[in-house]
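*Asks:* Got a structure for you, structure26.cif, holding mmCIF, C-alpha atoms.
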data_final
loop_
_atom_site.label_atom_id
_atom_site.label_comp_id
_atom_site.auth_asym_id
_atom_site.auth_seq_id
_atom_site.Cartn_x
_atom_site.Cartn_y
_atom_site.Cartn_z
CA MET O 140 127.63 88.83 154.64
CA ILE O 141 128.43 88.62 150.94
CA GLN O 142 129.60 92.00 149.69
CA ALA O 143 132.60 93.49 147.93
CA PRO O 144 133.79 96.90 146.72
CA GLU O 145 132.90 98.06 143.20
CA LEU O 146 136.15 97.46 141.34
CA PRO O 147 136.87 97.23 137.59
CA LEU O 148 137.45 93.70 136.32
CA TRP O 149 141.27 93.80 136.16
CA ALA O 150 141.52 95.14 139.72
CA ALA O 151 138.98 92.56 140.93
CA ILE O 152 141.06 89.76 139.41
CA ILE O 153 144.28 91.04 141.00
CA VAL O 154 142.64 91.52 144.41
CA GLY O 155 140.87 88.15 144.28
CA VAL O 156 143.93 86.16 143.26
CA PHE O 157 146.19 87.77 145.85
CA VAL O 158 143.66 87.46 148.70
CA LEU O 159 143.01 83.79 147.93
CA MET O 160 146.72 82.98 147.62
CA GLY O 161 147.49 84.80 150.87
CA ALA O 162 144.75 82.93 152.72
CA LEU O 163 145.85 79.57 151.28
CA ILE O 164 149.50 80.08 152.23
CA THR O 165 148.49 81.17 155.72
CA LEU O 166 146.37 78.02 156.05
CA ILE O 167 149.30 75.88 154.88
CA GLY O 168 151.47 77.46 157.57
CA ALA O 169 148.83 76.81 160.21
CA LEU O 170 148.43 73.20 159.02
CA GLY O 171 152.18 72.75 159.47
CA LEU O 172 151.68 73.91 163.04
CA VAL O 173 149.22 71.06 163.57
CA ARG O 174 150.93 68.28 161.60
CA LEU O 175 154.63 68.46 162.41
CA GLY O 176 156.22 66.36 165.11
CA ASN O 177 158.31 68.33 167.58
CA PHE O 178 158.66 71.95 168.60
CA TYR O 179 161.79 72.70 166.56
CA GLU O 180 160.00 71.63 163.38
CA ARG O 181 156.79 73.35 164.35
CA VAL O 182 158.41 76.75 164.91
CA HIS O 183 159.12 77.24 161.18
CA PRO O 184 155.85 76.82 159.22
CA PRO O 185 153.82 79.60 160.90
CA THR O 186 156.73 82.00 160.47
CA LEU O 187 157.19 81.29 156.75
CA GLY O 188 153.51 80.92 155.93
CA MET O 189 152.33 83.94 157.86
CA THR O 190 155.00 86.26 156.40
CA LEU O 191 154.25 85.31 152.78
CA GLY O 192 150.48 85.24 153.35
CA THR O 193 150.58 88.66 154.99
CA SER O 194 152.52 90.15 152.10
CA PHE O 195 150.06 88.74 149.54
CA ILE O 196 146.99 90.02 151.40
CA LEU O 197 148.67 93.41 151.86
CA ILE O 198 149.35 93.61 148.10
CA ALA O 199 145.65 92.91 147.52
CA SER O 200 144.69 95.57 150.07
CA ILE O 201 147.01 98.18 148.51
CA THR O 202 145.57 97.47 145.04
CA CYS O 203 141.98 97.62 146.32
CA PHE O 204 142.29 100.93 148.16
CA SER O 205 144.44 102.55 145.46
CA VAL O 206 141.79 101.78 142.82
CA LEU O 207 138.91 102.78 145.12
CA GLN O 208 140.38 106.14 146.07
CA SER O 209 142.08 106.81 142.66
CA ARG O 210 145.42 107.61 144.29
CA PRO O 211 148.32 105.53 145.60
CA VAL O 212 147.45 104.30 149.11
CA VAL O 213 150.48 102.71 150.72
CA HIS O 214 149.78 102.80 154.45
CA GLU O 215 149.64 98.96 154.45
CA VAL O 216 153.42 99.05 153.97
CA LEU O 217 153.59 99.85 157.69
CA ILE O 218 152.13 96.44 158.57
CA ALA O 219 154.38 94.75 155.97
CA ILE O 220 157.54 96.26 157.45
CA PHE O 221 156.40 95.53 160.98
CA ILE O 222 155.56 91.87 160.31
CA THR O 223 158.78 91.30 158.34
CA VAL O 224 160.85 92.71 161.20
CA THR O 225 159.03 91.12 164.14
CA THR O 226 158.27 87.56 162.95
CA PRO O 227 161.94 86.40 162.89
CA ILE O 228 162.45 88.03 166.30
CA THR O 229 159.63 86.01 167.85
CA LEU O 230 160.95 82.86 166.15
CA MET O 231 164.44 83.33 167.56
CA LEU O 232 163.25 84.26 171.05
CA LEU O 233 160.88 81.28 171.24
CA ALA O 234 163.45 78.83 169.87
CA ARG O 235 166.06 80.14 172.32
CA ALA O 236 163.64 79.83 175.23
CA ALA O 237 162.64 76.28 174.22
CA LEU O 238 166.28 75.24 173.75
CA TYR O 239 167.19 76.64 177.15
CA ARG O 240 164.30 74.83 178.82
CA ASP O 241 165.09 71.55 177.08
CA ARG O 242 168.80 71.75 177.92
CA THR O 243 168.22 72.49 181.59
CA GLU O 244 165.85 69.53 181.78
CA GLY O 245 168.27 67.31 179.80
CA THR O 246 165.69 66.25 177.20
CA GLU O 247 166.84 63.89 174.45
CA ASN O 248 166.73 64.71 170.72
CA ILE O 249 167.33 68.44 170.85
CA PRO O 250 169.53 70.43 168.42
CA LYS O 251 173.23 70.24 169.35
CA ASP O 252 175.44 73.12 170.44
CA ILE O 253 177.63 73.99 167.43
CA GLY O 254 181.01 75.40 168.38
CA GLY O 255 179.84 77.21 171.48
CA LEU O 256 177.95 79.87 169.51
CA ASP O 257 175.18 80.00 172.06
CA ASN O 258 176.14 80.04 175.67
CA ASP O 259 172.67 80.45 177.13
CA MET L 847 129.73 90.37 137.77
CA SER L 848 133.23 91.22 138.96
CA THR L 849 131.77 92.34 142.30
CA LEU L 850 130.03 89.00 142.84
CA PHE L 851 133.21 87.12 141.87
CA LEU L 852 135.26 89.22 144.29
CA ALA L 853 132.67 88.76 147.07
CA LEU L 854 132.80 84.97 146.70
CA ILE L 855 136.63 84.94 146.64
CA ILE L 856 136.87 87.14 149.73
CA THR L 857 134.34 85.06 151.65
CA MET L 858 136.23 81.90 150.72
CA SER L 859 139.50 83.47 151.93
CA GLN L 860 137.84 84.41 155.20
CA ILE L 861 136.75 80.81 155.70
CA LEU L 862 140.32 79.64 154.99
CA LEU L 863 141.72 82.15 157.48
CA GLY L 864 139.16 81.00 160.03
CA LEU L 865 140.40 77.42 159.51
CA ALA L 866 143.95 78.68 160.07
CA MET L 867 142.83 80.24 163.36
CA GLY L 868 141.23 76.91 164.24
CA CYS L 869 144.54 75.10 163.64
CA ALA L 870 146.34 77.60 165.88
CA THR L 871 143.67 77.14 168.58
CA TYR L 872 144.13 73.37 168.37
CA ARG L 873 147.85 73.85 169.04
CA ILE L 874 147.09 76.18 171.98
CA ILE L 875 144.74 73.66 173.59
CA ARG L 876 146.69 70.51 172.72
CA GLY L 877 150.32 71.76 172.77
CA PRO L 878 152.44 69.42 174.87
CA ARG L 879 154.49 72.22 176.40
CA SER L 880 154.28 75.95 177.08
CA GLN L 881 156.38 76.97 174.08
CA ASP L 882 153.92 75.22 171.73
CA ARG L 883 151.09 77.20 173.27
CA VAL L 884 152.97 80.49 172.84
CA LEU L 885 153.67 79.56 169.21
CA GLY L 886 149.98 78.82 168.67
CA LEU L 887 149.05 82.17 170.19
CA ASP L 888 151.48 83.89 167.80
CA ALA L 889 149.92 82.16 164.78
CA LEU L 890 146.42 82.90 166.13
CA TYR L 891 146.88 86.66 166.36
CA LEU L 892 148.59 86.81 162.95
CA ALA L 893 145.70 84.96 161.30
CA GLY L 894 143.23 87.22 163.12
CA MET L 895 145.07 90.27 161.82
CA LEU L 896 144.83 88.92 158.25
CA LEU L 897 141.11 88.29 158.79
CA LEU L 898 140.71 91.95 159.81
CA LEU L 899 142.54 93.01 156.63
CA THR L 900 140.18 90.96 154.46
CA TYR L 901 137.22 92.59 156.25
CA GLY L 902 138.82 95.94 155.36
CA ILE L 903 139.00 94.93 151.68
CA GLN L 904 135.41 93.67 151.81
CA THR L 905 133.86 96.82 153.29
CA GLY L 906 136.27 99.32 151.69
CA ARG L 907 136.88 101.08 155.02
CA THR L 908 140.31 101.95 156.40
CA LEU L 909 139.11 101.50 159.99
CA PHE L 910 140.03 97.80 159.90
CA PHE L 911 143.57 98.62 158.85
CA GLU L 912 144.18 100.54 162.08
CA ALA L 913 142.70 97.70 164.13
CA ALA L 914 145.01 95.26 162.33
CA LEU L 915 148.03 97.46 163.09
CA VAL L 916 147.14 97.56 166.80
CA VAL L 917 146.65 93.76 166.85
CA ALA L 918 150.07 93.24 165.23
CA LEU L 919 151.81 95.57 167.71
CA LEU L 920 150.19 94.18 170.85
CA GLY L 921 150.53 90.58 169.68
CA PHE L 922 154.26 91.03 169.11
CA ALA L 923 154.69 92.60 172.56
CA GLY L 924 152.74 89.73 174.12
CA THR L 925 154.75 87.02 172.37
CA VAL L 926 158.06 88.65 173.33
CA ALA L 927 156.93 88.94 176.95
CA LEU L 928 155.84 85.27 177.03
CA ALA L 929 159.11 84.09 175.42
CA LYS L 930 161.07 86.10 177.98
CA PHE L 931 158.98 84.56 180.73
CA LEU L 932 159.71 81.04 179.44
CA MET L 933 163.41 81.85 179.31
CA ARG L 934 163.94 83.53 182.68
CA GLY L 935 160.81 83.04 184.74
CA GLU L 936 160.25 86.81 184.89
CA VAL L 937 159.25 89.39 182.31
CA ILE L 938 160.95 92.48 183.74
CA GLU L 939 164.18 91.89 185.64
#
For this file, write the structure as structure tokens.
*Replies:*
Amino acid sequence: MIQAPELPLWAAIIVGVFVLMGALITLIGALGLVRLGNFYERVHPPTLGMTLGTSFILIASITCFSVLQSRPVVHEVLIAIFITVTTPITLMLLARAALYRDRTEGTENIPKDIGGLDND
Amino acid sequence: MSTLFLALIITMSQILLGLAMGCATYRIIRGPRSQDRVLGLDALYLAGMLLLLTYGIQTGRTLFFEAALVVALLGFAGTVALAKFLMRGEVIE
């Protein structure tokens, strides 16, 4: 399934570079998910990698559709705002849940409670 | 010429995103505890959403954008529900 939209050369270069960079950064984030040792290290790379990769691919998508339809197409900004808002929320909720579970089970080597900031 | 170049780049990016989904699936299957599996699920739906966006660029249709938006919304709701379940043992109290 090799096909692509008919874009002028400058737009093709912009779209190609941003799509490839977005995919690479997403893959780096996913590799961090596989390679790192414990949960509190693993929770970071997908968050960072996915946010940056999403923004790069969305820039490519905005460029592609704006050139194709000869007018500014910015509906991808919806996804960008949504991902930027929701990814940190999932990170914090998951880390809180994992911390709570580990503390109730008394597991060793978990992050310490600093100054009673979290009373969960 | 530029079309062929772009087609190759986009196909390569789709393969990379597929590998990313594979990594997330590995963490879902392997993950020592439940929170690792939820984290893998989160990464899996995000990479799938990006794959949909690259399909949208490839075909030039806006249909895929709407599908990606729905995937992002439902995936976030699912991850929040699962995190809440891990925390409290119930989703709705």
*Asks:* Could you list, as a count of residues only, every residue within 10 Å of Gly188 of chain O, counting all atoms listed in the file and ignoring same-chain residues fewer than 2 positions away?
*Replies:* 20
*Asks:* Tell me, as a list in words, which residues lie within 7 Å of Leu899 of chain L, counting only C-alpha atoms; anything in the same chain fewer than 3 positions away does not count.
*Replies:*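 Final neighbour list, sorted by chain and number: Met895, Leu896, Gly902, Ile903, Phe910, Phe911 and Ala914 of chain L.
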*Asks:* Residues of chain L no more than 6 Å from chain O, counting all atoms listed in the file: send them over as a ChimeraX atom specification.
*Replies:* /L:848-849,852-853,855,859,862-863,866,869,903-904,929,932-933
*Asks:* Measuring between only C-alpha atoms, which one of L:Glu936, L:Asp888, L:Ile874, L:Gly868 shows the shortest distance to Ala923 of chain L?
*Replies:*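 The shortest atom-to-atom distance to Ala923 of chain L comes from L:Asp888.
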*Asks:* Which value, in Å to one decimal, gives the distance between atom CA of Phe851 of chain L and atom CA of Arg210 of chain O?
*Replies:* 24.0 Å
*Asks:* Residues at most 8 Å from Leu897 of chain L, counting all atoms listed in the file, excluding those fewer than 3 positions away in the same chain, as an MDAnalysis selection string?
*Replies:* chainID L and resid 860 863:864 893:894 900:901
*Asks:* Let me see the file: selected residues, C-alpha atoms, as a short mmCIF file (atom, residue, chain, number, x, y, z; two decimals), in the coordinates of the input.
*Replies:*
data_model
loop_
_atom_site.label_atom_id
_atom_site.label_comp_id
_atom_site.auth_asym_id
_atom_site.auth_seq_id
_atom_site.Cartn_x
_atom_site.Cartn_y
_atom_site.Cartn_z
CA GLN L 860 137.84 84.41 155.20
CA LEU L 863 141.72 82.15 157.48
CA GLY L 864 139.16 81.00 160.03
CA ALA L 893 145.70 84.96 161.30
CA GLY L 894 143.23 87.22 163.12
CA THR L 900 140.18 90.96 154.46
CA TYR L 901 137.22 92.59 156.25
#
*Asks:* Expanded to explicit residues, what is the PyMOL selection byres ((chain L and resi 921) around 10) for this file, as a PyMOL selection string?
*Replies:* chain L and resi 887-892+895+915-920+922-927
*Asks:* I'd like the contact shell of Val937 of chain L - 8 Å cut-off, all atoms listed in the file, skipping same-chain residues fewer than 4 positions apart - returned as a VMD selection string.
*Replies:* chain L and resid 927 to 928 930 to 931
*Asks:* So how far away is atom CA of Ile861 of chain L from atom CA of Pro878 of chain L, in Å?
*Replies:* 27.3 Å
*Asks:* So, counting only C-alpha atoms, which residue among L:Leu865, L:Met847, L:Ala870, L:Ile856 is closest to Thr905 of chain L?
*Replies:* L:Ile856
*Asks:* Just give me the gap between atom CA of Val884 of chain L and atom CA of Lys251 of chain O in Å, one decimal is fine.
*Replies:*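 Atom-to-atom, atom CA of Val884 of chain L to atom CA of Lys251 of chain O, that is 23.0 Å.
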